[in-house]
$ cat entry07.txt   # compact mmCIF, C-alpha atoms
# COMPACT_ATOMS: atom_id res chain seq x y z
CA MET A 26 142.37 73.75 108.53
CA ALA A 27 145.62 75.03 109.94
CA GLY A 28 144.03 76.05 113.20
CA GLY A 29 142.08 72.86 113.55
CA GLY A 30 145.03 70.53 114.01
CA GLY A 31 146.29 69.16 117.23
CA PHE A 32 143.80 66.64 118.41
CA GLU A 33 144.81 63.83 116.14
CA ALA A 34 148.53 64.17 116.72
CA PRO A 35 150.08 60.81 117.47
CA GLU A 36 151.85 60.34 120.81
CA ALA A 37 155.09 59.39 119.25
CA PHE A 38 155.96 62.80 117.83
CA ASN A 39 159.46 64.10 118.38
CA LYS A 40 160.23 66.76 120.94
CA ARG A 41 160.47 69.63 118.52
CA GLN A 42 157.09 68.95 117.04
CA LYS A 43 155.56 68.75 120.49
CA LYS A 44 156.96 72.10 121.51
CA TYR A 45 155.53 73.74 118.41
CA GLN A 46 152.21 72.13 119.12
CA LYS A 47 152.09 73.70 122.58
CA GLY A 48 151.61 77.20 121.17
CA LYS A 49 148.17 76.23 119.94
CA LYS A 50 145.06 76.03 122.02
CA LEU A 51 142.93 73.00 121.96
CA GLY A 52 139.67 73.40 119.99
CA VAL A 53 138.90 75.23 116.78
CA ARG A 54 139.71 78.85 116.27
CA ILE A 55 137.97 80.52 113.35
CA ASP A 56 139.16 83.75 111.84
CA MET A 57 136.03 85.89 111.70
CA THR A 58 137.37 88.74 109.59
CA PRO A 59 136.00 87.56 106.20
CA MET A 60 132.64 86.84 107.74
CA VAL A 61 132.52 90.28 109.33
CA ASP A 62 133.43 91.79 105.97
CA VAL A 63 130.58 90.06 104.20
CA ILE A 64 128.07 90.84 106.95
CA MET A 65 129.12 94.48 106.96
CA LEU A 66 128.50 94.67 103.22
CA LEU A 67 125.07 93.08 103.59
CA LEU A 68 124.25 95.42 106.46
CA THR A 69 125.20 98.48 104.45
CA PHE A 70 123.12 97.23 101.52
CA PHE A 71 120.01 96.64 103.59
CA MET A 72 120.38 99.91 105.50
CA LEU A 73 120.56 101.88 102.28
CA THR A 74 117.68 100.10 100.54
CA THR A 75 115.34 100.37 103.52
CA THR A 76 115.73 104.10 103.98
CA LEU A 77 115.10 104.71 100.29
CA ALA A 78 111.73 102.99 100.14
CA THR A 79 109.51 105.08 102.42
CA PRO A 80 106.50 106.19 100.41
CA GLN A 81 103.55 107.30 102.45
CA VAL A 82 100.04 108.19 101.57
CA MET A 83 97.72 111.10 102.17
CA GLN A 84 94.16 109.88 102.57
CA ILE A 85 91.46 111.84 100.74
CA ASN A 86 87.74 111.31 101.16
CA LEU A 87 85.48 112.93 98.65
CA PRO A 88 81.86 113.45 99.61
CA LYS A 89 79.64 110.67 98.31
CA GLY A 90 76.58 111.31 96.28
CA GLU A 91 75.67 113.28 93.25
CA GLU A 92 76.54 116.84 92.51
CA GLN A 93 72.83 117.64 92.71
CA ASP A 94 72.18 116.73 96.33
CA LYS A 95 73.87 119.78 97.71
CA VAL A 96 74.50 120.14 101.39
CA LYS A 97 73.24 123.41 102.74
CA VAL A 98 75.88 125.33 104.61
CA ASP A 99 75.73 128.69 106.26
CA ALA A 100 77.36 131.09 103.83
CA SER A 101 79.12 132.88 106.68
CA ASN A 102 80.98 129.68 107.61
CA VAL A 103 82.51 129.29 104.18
CA LEU A 104 86.11 130.07 103.49
CA TYR A 105 86.96 130.13 99.81
CA VAL A 106 90.51 129.06 99.09
CA ARG A 107 91.31 129.95 95.52
CA VAL A 108 94.61 129.20 93.92
CA SER A 109 95.60 130.79 90.64
CA ASP A 110 97.51 129.06 87.87
CA LYS A 111 100.57 131.00 89.00
CA GLY A 112 100.25 129.38 92.43
CA ASN A 113 99.01 132.39 94.41
CA ILE A 114 96.67 131.52 97.25
CA TYR A 115 93.67 133.73 98.01
CA PHE A 116 91.40 133.43 101.03
CA SER A 117 88.02 135.05 101.15
CA HIS A 118 85.32 134.58 103.76
CA GLY A 119 81.72 134.20 102.80
CA LYS A 120 79.20 136.63 104.23
CA ALA A 121 75.74 135.72 105.52
CA ASP A 122 74.03 137.39 102.55
CA GLY A 123 75.81 135.11 100.07
CA THR A 124 78.41 137.59 98.95
CA GLU A 125 81.98 137.38 100.07
CA MET A 126 84.75 139.48 101.50
CA PRO A 127 87.51 140.74 99.22
CA PRO A 128 90.23 138.14 98.64
CA GLU A 129 93.43 138.20 100.67
CA ASN A 130 96.68 136.87 99.34
CA ILE A 131 98.13 134.25 101.68
CA ASN A 132 101.66 132.93 101.56
CA LEU A 133 102.05 129.16 101.70
CA THR A 134 104.42 129.49 104.67
CA ASN A 135 101.75 131.33 106.66
CA LEU A 136 98.90 129.12 105.51
CA ARG A 137 98.81 126.90 108.58
CA LYS A 138 98.91 129.84 111.02
CA GLU A 139 96.21 131.67 109.07
CA LEU A 140 93.97 128.60 109.02
CA GLU A 141 94.38 128.06 112.75
CA ALA A 142 93.58 131.71 113.47
CA ARG A 143 90.51 131.69 111.24
CA HIS A 144 89.35 128.40 112.68
CA ALA A 145 89.70 129.82 116.20
CA ALA A 146 87.49 132.75 115.15
CA ASN A 147 84.90 130.46 113.56
CA PRO A 148 85.02 126.75 114.56
CA ASN A 149 82.43 125.81 111.93
CA LEU A 150 84.67 126.88 109.12
CA LEU A 151 84.26 124.94 105.88
CA MET A 152 86.98 125.32 103.31
CA LEU A 153 86.04 125.26 99.66
CA LEU A 154 89.15 124.56 97.66
CA LYS A 155 89.07 125.96 94.18
CA PHE A 156 92.24 125.13 92.35
CA ASP A 157 93.03 126.37 88.89
CA ARG A 158 93.54 123.57 86.37
CA GLY A 159 96.88 125.03 85.38
CA MET A 160 98.17 124.85 88.92
CA ASN A 161 100.91 122.47 89.94
CA TYR A 162 100.01 119.16 91.61
CA ASN A 163 102.92 119.73 93.98
CA LEU A 164 101.21 122.84 95.33
CA MET A 165 97.97 120.94 95.85
CA VAL A 166 99.81 118.39 98.00
CA ASP A 167 101.56 121.21 99.88
CA ILE A 168 98.26 122.92 100.63
CA LEU A 169 96.54 119.69 101.71
CA ASP A 170 99.57 118.90 103.84
CA GLU A 171 99.33 122.28 105.58
CA ILE A 172 95.59 121.74 106.15
CA ASN A 173 96.31 118.30 107.61
CA ARG A 174 98.97 119.66 109.88
CA ALA A 175 96.90 122.56 111.16
CA LYS A 176 95.19 121.76 114.42
CA ILE A 177 91.70 122.31 113.08
CA ASP A 178 88.71 120.26 111.97
CA LYS A 179 89.54 119.10 108.49
CA ARG A 180 86.40 120.24 106.79
CA TYR A 181 87.22 120.89 103.20
CA THR A 182 85.97 119.95 99.80
CA PHE A 183 87.16 120.39 96.26
CA MET A 184 85.17 122.57 93.94
CA LYS A 185 85.53 123.40 90.32
CA MET A 186 87.09 126.75 89.60
CA GLU A 187 84.50 128.60 87.58
CA ASP A 188 85.07 131.60 85.36
CA THR A 189 83.74 133.87 88.11
CA ASP A 190 86.39 132.51 90.46
CA LYS A 191 89.05 133.09 87.86
CA GLU A 192 87.84 136.65 87.50
CA ILE A 193 88.07 137.22 91.27
CA VAL A 194 91.60 135.84 91.28
CA ARG A 195 92.56 137.88 88.25
CA LEU A 196 91.29 141.11 89.81
CA ALA A 197 93.20 140.28 93.01
CA GLY A 198 96.44 140.06 91.11
CA GLY A 199 96.46 136.66 89.36
CA MET B 219 153.97 80.37 133.35
CA GLY B 220 155.91 79.68 130.22
CA LYS B 221 153.12 77.56 128.94
CA SER B 222 150.48 80.32 129.11
CA ARG B 223 152.88 82.83 127.64
CA SER B 224 153.41 80.80 124.55
CA THR B 225 149.69 80.93 123.64
CA LYS B 226 149.92 84.69 123.07
CA LYS B 227 150.87 85.82 119.64
CA PRO B 228 152.86 88.96 119.20
CA GLY B 229 150.68 91.98 118.35
CA ILE B 230 147.13 92.76 119.42
CA ASN B 231 144.45 90.17 118.97
CA ILE B 232 140.90 91.59 119.06
CA ASP B 233 138.01 89.32 119.83
CA MET B 234 135.42 90.04 117.17
CA THR B 235 132.62 87.92 118.59
CA PRO B 236 130.62 90.77 120.28
CA LEU B 237 131.00 92.89 117.18
CA VAL B 238 129.70 90.07 115.01
CA ASP B 239 126.80 89.55 117.41
CA VAL B 240 125.70 93.16 117.21
CA ILE B 241 126.12 93.35 113.44
CA MET B 242 124.16 90.12 113.03
CA LEU B 243 121.30 91.61 115.04
CA LEU B 244 121.31 94.80 112.96
CA LEU B 245 121.47 92.77 109.76
CA THR B 246 118.50 90.65 110.80
CA PHE B 247 116.55 93.79 111.71
CA PHE B 248 117.17 95.49 108.40
CA MET B 249 116.56 92.33 106.41
CA LEU B 250 113.20 91.87 108.06
CA THR B 251 112.10 95.49 107.78
CA ALA B 252 113.32 95.97 104.22
CA THR B 253 110.49 96.19 101.75
CA PHE B 254 111.21 96.08 98.10
CA LYS B 255 108.93 97.67 95.63
CA ALA B 256 107.86 95.49 92.77
CA ALA B 257 110.07 96.36 89.84
CA GLU B 258 107.20 96.35 87.38
CA SER B 259 105.24 99.09 89.14
CA GLU B 260 108.20 101.39 88.66
CA ILE B 261 108.00 101.35 84.90
CA VAL B 262 106.30 104.71 84.72
CA GLU B 263 108.59 106.79 86.87
CA VAL B 264 107.45 109.95 88.58
CA THR B 265 108.96 112.40 91.04
CA LEU B 266 106.60 112.29 93.98
CA PRO B 267 105.68 115.46 95.83
CA LYS B 268 106.85 115.68 99.41
CA SER B 269 104.67 115.98 102.48
CA VAL B 270 105.10 115.96 106.23
CA ASN B 271 103.67 112.80 107.68
CA THR B 272 100.87 113.58 110.09
CA ASP B 273 98.85 110.40 110.32
CA SER B 274 101.61 107.84 109.61
CA THR B 275 99.59 106.14 106.91
CA LYS B 276 101.75 103.87 104.84
CA LEU B 277 101.25 102.51 101.39
CA PRO B 278 99.43 99.15 101.63
CA ASP B 279 101.42 96.11 100.56
CA GLN B 280 99.04 94.54 98.10
CA ASP B 281 95.73 94.98 96.29
CA ILE B 282 96.46 98.49 95.17
CA MET B 283 95.20 100.19 92.05
CA THR B 284 97.70 102.78 91.02
CA PHE B 285 96.99 105.87 88.97
CA THR B 286 100.23 107.36 87.80
CA LEU B 287 100.08 110.91 86.53
CA THR B 288 102.91 112.08 84.31
CA PRO B 289 103.92 115.70 83.70
CA ALA B 290 102.60 115.31 80.12
CA GLY B 291 99.08 114.94 81.52
CA ASP B 292 98.63 111.20 81.02
CA VAL B 293 96.96 108.88 83.52
CA TRP B 294 98.34 105.33 83.69
CA VAL B 295 96.13 102.84 85.47
CA ASP B 296 97.71 99.67 86.76
CA VAL B 297 97.03 96.98 89.35
CA ASP B 298 99.42 94.66 91.16
CA ASN B 299 97.69 91.40 90.28
CA TYR B 300 98.59 89.86 86.94
CA GLU B 301 95.50 87.63 86.85
CA VAL B 302 93.27 90.68 87.11
CA ARG B 303 95.32 92.42 84.42
CA ASN B 304 95.01 89.38 82.21
CA GLU B 305 91.26 89.39 82.61
CA VAL B 306 90.66 93.11 82.19
CA PHE B 307 93.43 94.26 79.85
CA GLY B 308 93.73 90.93 78.04
CA ASP B 309 97.44 90.70 78.84
CA GLN B 310 99.14 89.96 82.12
CA PHE B 311 101.47 92.88 81.52
CA GLY B 312 98.71 95.17 80.34
CA ILE B 313 98.47 98.76 81.49
CA GLY B 314 95.78 101.34 80.81
CA LEU B 315 96.43 104.80 79.47
CA TYR B 316 93.93 107.62 79.70
CA HIS B 317 94.56 111.11 78.41
CA PRO B 318 91.90 113.39 79.97
CA ASP B 319 92.57 116.27 77.62
CA SER B 320 90.69 115.15 74.50
CA THR B 321 92.09 118.02 72.42
CA SER B 322 95.61 116.62 72.47
CA LYS B 323 97.31 113.25 72.23
CA SER B 324 99.08 111.46 75.01
CA GLU B 325 102.84 111.50 75.22
CA PHE B 326 102.92 107.75 74.61
CA GLU B 327 100.91 108.02 71.40
CA LEU B 328 103.14 110.80 70.11
CA THR B 329 106.56 109.47 71.01
CA GLY B 330 106.00 105.84 72.02
CA LYS B 331 107.85 106.59 75.21
CA VAL B 332 107.16 107.69 78.77
CA GLY B 333 109.49 110.48 79.75
CA ASP B 334 112.62 109.28 77.98
CA LYS B 335 112.04 105.60 78.59
CA ALA B 336 110.45 103.07 76.31
CA LEU B 337 107.64 100.97 77.75
CA ASN B 338 107.70 97.21 77.36
CA ARG B 339 104.12 96.58 78.39
CA SER B 340 101.03 96.28 76.29
CA VAL B 341 99.25 99.60 76.51
CA VAL B 342 95.45 99.83 76.34
CA LEU B 343 94.31 103.28 75.24
CA LEU B 344 91.17 104.44 76.99
CA ASN B 345 88.77 107.30 76.57
CA LYS B 346 86.74 108.73 79.46
CA GLU B 347 83.94 106.15 79.32
CA GLU B 348 86.32 103.23 78.87
CA PHE B 349 88.52 104.53 81.66
CA GLU B 350 85.62 104.64 84.12
CA LYS B 351 84.49 101.20 82.99
CA ILE B 352 87.99 99.82 83.49
CA ILE B 353 88.09 101.12 87.08
CA ASN B 354 84.91 99.20 87.85
CA ASP B 355 86.05 96.13 85.90
CA LEU B 356 89.34 95.95 87.78
CA ARG B 357 87.60 96.06 91.14
CA LEU B 358 84.98 93.54 90.03
CA ALA B 359 87.61 91.15 88.70
CA LEU B 360 89.45 91.08 92.00
CA LYS B 361 86.24 90.74 93.99
CA ASN B 362 85.06 87.82 91.84
CA MET B 363 88.43 86.16 92.09
CA SER B 364 88.50 86.34 95.88
CA ASP B 365 84.82 85.74 96.76
CA ASN B 366 84.37 89.40 97.68
CA LYS B 367 87.15 89.17 100.26
CA ARG B 368 89.57 91.53 98.60
CA ASP B 369 89.11 94.96 97.14
CA TYR B 370 91.47 97.48 95.64
CA ARG B 371 92.82 100.43 97.53
CA ILE B 372 93.17 103.35 95.18
CA VAL B 373 96.37 105.34 95.23
CA ILE B 374 97.38 108.27 93.06
CA LYS B 375 101.02 108.70 92.21
CA GLY B 376 101.29 112.12 90.70
CA ASP B 377 104.40 113.78 89.41
CA GLN B 378 105.24 117.09 91.05
CA GLU B 379 104.98 118.84 87.69
CA THR B 380 101.54 117.48 86.79
CA ASN B 381 98.86 120.08 86.23
CA TYR B 382 96.05 120.10 88.75
CA GLY B 383 93.58 119.79 85.86
CA VAL B 384 94.61 116.15 85.37
CA VAL B 385 94.04 115.46 89.06
CA GLU B 386 90.67 117.19 88.86
CA ASP B 387 89.61 115.06 85.89
CA LEU B 388 90.81 111.90 87.63
CA MET B 389 88.94 112.82 90.82
CA ALA B 390 85.81 113.43 88.76
CA SER B 391 86.13 109.97 87.18
CA LEU B 392 86.75 108.37 90.56
CA LYS B 393 83.71 110.08 91.96
CA ALA B 394 81.63 109.02 88.98
CA THR B 395 82.56 105.40 89.74
CA SER B 396 81.78 105.98 93.45
CA ASN B 397 85.38 105.60 94.53
CA THR B 398 85.38 108.44 97.02
CA ARG B 399 88.23 107.12 99.15
CA PHE B 400 91.69 107.25 97.74
CA ALA B 401 95.17 108.23 98.75
CA LEU B 402 97.88 110.44 97.32
CA VAL B 403 101.33 108.92 97.47
CA THR B 404 103.99 111.28 98.72
CA ASP B 405 107.57 111.18 99.85
CA LEU B 406 108.44 112.02 103.40
CA LYS B 407 109.53 115.60 104.01
CA SER B 408 111.35 116.47 107.17
CA ASP B 409 110.15 119.85 108.32
$ encode --input "entry07.txt" --output "structure tokens"
Amino acid sequence: MAGGGGFEAPEAFNKRQKKYQKGKKLGVRIDMTPMVDVIMLLLTFFMLTTTLATPQVMQINLPKGEEQDKVKVDASNVLYVRVSDKGNIYFSHGKADGTEMPPENINLTNLRKELEARHAANPNLLMLLKFDRGMNYNLMVDILDEINRAKIDKRYTFMKMEDTDKEIVRLAGG
Amino acid sequence: MGKSRSTKKPGINIDMTPLVDVIMLLLTFFMLTATFKAAESEIVEVTLPKSVNTDSTKLPDQDIMTFTLTPAGDVWVDVDNYEVRNEVFGDQFGIGLYHPDSTSKSEFELTGKVGDKALNRSVVLLNKEEFEKIINDLRLALKNMSDNKRDYRIVIKGDQETNYGVVEDLMASLKATSNTRFALVTDLKSD
């Protein structure tokens, strides 16, 4: 309350007291330093906690309906994306007669460019994703992320990796 | 002249009021935007995979059904409403555990721990049929409780090291219970 004095001073103070009193302004003067300290601490706390909690989600829509009601697609529009348990990605295009082209090994860093190029060549491209069960979940998210980022129609579906697919991947180098 | 002089103290006196104003504004902003995750949902900890955000979808605040996949291949199913948990798991801190690989045992059954942490919640062990029933029961319980106004959003929190096989089995179960819309939780990656 040292800074708050002054207004109740009696008139009859001696000269010396009055002179000392002059140095002070009328009204209350609050030292803000402790408040600033506390607020700064709070600010730092909230800044750090907010930036840490930023989870986001990647929306996935599976096709509805039973496995039996198959949708007919033109075999030449199909792009098989097979991923081996070692994490190697293989692309192979379907041919109109139901067979498919030999698999090509695609690097994850080129995946988006490759997809955009293939989509430009065939806008009706449908990706069939066949992931090996031993593959890492991290890679699945990476691949879906690249598909989402590519400027193409997101037409893809998950399919079970059959033994024939595993054989194709194995022959292509595993 | 002498009077005004005497009000000045020796040394520099900085007026902190504008500084305090700005800091107060920032503080208010961060306090309002800060979102804290419920501590209980963090019991099973996973390292989320990272992705680049393309559609700015954020995790919903409430009514989420979380499937947490651990590197050991276990699926933990949990919801954020304790009344629903009480009804379905029989305990307000109940949590479901499903191990898709029937040839082995879950990490929790073997060690009683998740990762290296003990779990202080009542665990309900589920097989495939029970797991799919629980998914339906959880949604039904919330719907009944809210006169069909609320429904669960399904999110999958997978650890980076989880095998895809676990995800495949979980997706098959979700599809079998006609939950074809779900979301994978990721951390933001700056490209």
$ atom_distance --input "entry07.txt" --atom1 "atom CA of Asn299 of chain B" --atom2 "atom CA of Asp281 of chain B"
7.3 Å
$ atom_distance --input "entry07.txt" --atom1 "atom CA of Met65 of chain A" --atom2 "atom CA of Pro236 of chain B"
13.9 Å
$ closest_atom_pairs --input "entry07.txt" --of "chain A" --to "chain B" --cutoff "6 Å" --atoms "all atoms listed in the file" --output "CSV"
residue,atom,partner,partner_atom,distance
A:Gly48,CA,B:Thr225,CA,4.9
A:Leu68,CA,B:Leu245,CA,5.1
A:Phe71,CA,B:Phe248,CA,5.7
A:Thr75,CA,B:Ala252,CA,4.9
A:Pro80,CA,B:Asp405,CA,5.1
A:Gln81,CA,B:Lys276,CA,4.6
A:Val82,CA,B:Val403,CA,4.4
A:Met83,CA,B:Leu402,CA,4.9
A:Gln84,CA,B:Ala401,CA,4.3
A:Ile85,CA,B:Phe400,CA,5.5
A:Asn86,CA,B:Arg399,CA,4.7
A:Leu87,CA,B:Thr398,CA,4.8
A:Arg158,CA,B:Gly383,CA,3.8
A:Gly159,CA,B:Asn381,CA,5.4
A:Met160,CA,B:Tyr382,CA,5.2
A:Asn161,CA,B:Asn381,CA,4.9
A:Tyr162,CA,B:Tyr382,CA,5.0
A:Asn163,CA,B:Gln378,CA,4.6
$ closest_residue --input "entry07.txt" --among "B:Glu325, B:Asp369, B:Asp334, B:Asp355" --to "Trp294 of chain B" --atoms "only C-alpha atoms"
B:Glu325
$ atom_distance --input "entry07.txt" --atom1 "atom CA of Ile352 of chain B" --atom2 "atom CA of Glu263 of chain B"
22.0 Å
$ closest_residue --input "entry07.txt" --among "A:Asn130, A:Lys120, A:Leu169, A:Val103" --to "Arg143 of chain A" --atoms "only C-alpha atoms"
A:Val103
$ residues_around --input "entry07.txt" --residues "Ala197 of chain A" --least-positions-apart "6" --cutoff "9 Å" --atoms "all atoms listed in the file" --output "ChimeraX atom specification"
/A:115,127-130
$ residues_around --input "entry07.txt" --residues "segment 181-195 of chain A" --least-positions-apart "5" --cutoff "8 Å" --atoms "only C-alpha atoms" --output "NGL selection string"
:A and (87-88 or 107-109 or 115 or 128 or 151-158)
$ closest_residue --input "entry07.txt" --among "B:Val240, B:Arg371, B:Val332, B:Thr286" --to "Leu356 of chain B" --atoms "only C-alpha atoms"
B:Arg371
$ closest_residue --input "entry07.txt" --among "B:Gly229, B:Gly291, B:Gly308, B:Gly314" --to "Leu343 of chain B" --atoms "only C-alpha atoms"
B:Gly314
$ closest_residue --input "entry07.txt" --among "A:His118, A:Arg180, A:His144, A:Arg137" --to "Ile168 of chain A" --atoms "only C-alpha atoms"
A:Arg137
$ closest_residue --input "entry07.txt" --among "B:Ser391, B:Asn362, B:Asn231, B:Ser322" --to "Glu305 of chain B" --atoms "all atoms listed in the file"
B:Asn362
$ residues_around --input "entry07.txt" --residues "Phe311 of chain B" --least-positions-apart "2" --cutoff "9 Å" --atoms "all atoms listed in the file" --output "JSON, numbers by chain"
{"B": [258, 300, 303, 304, 307, 308, 309, 313, 338, 339, 340, 341]}
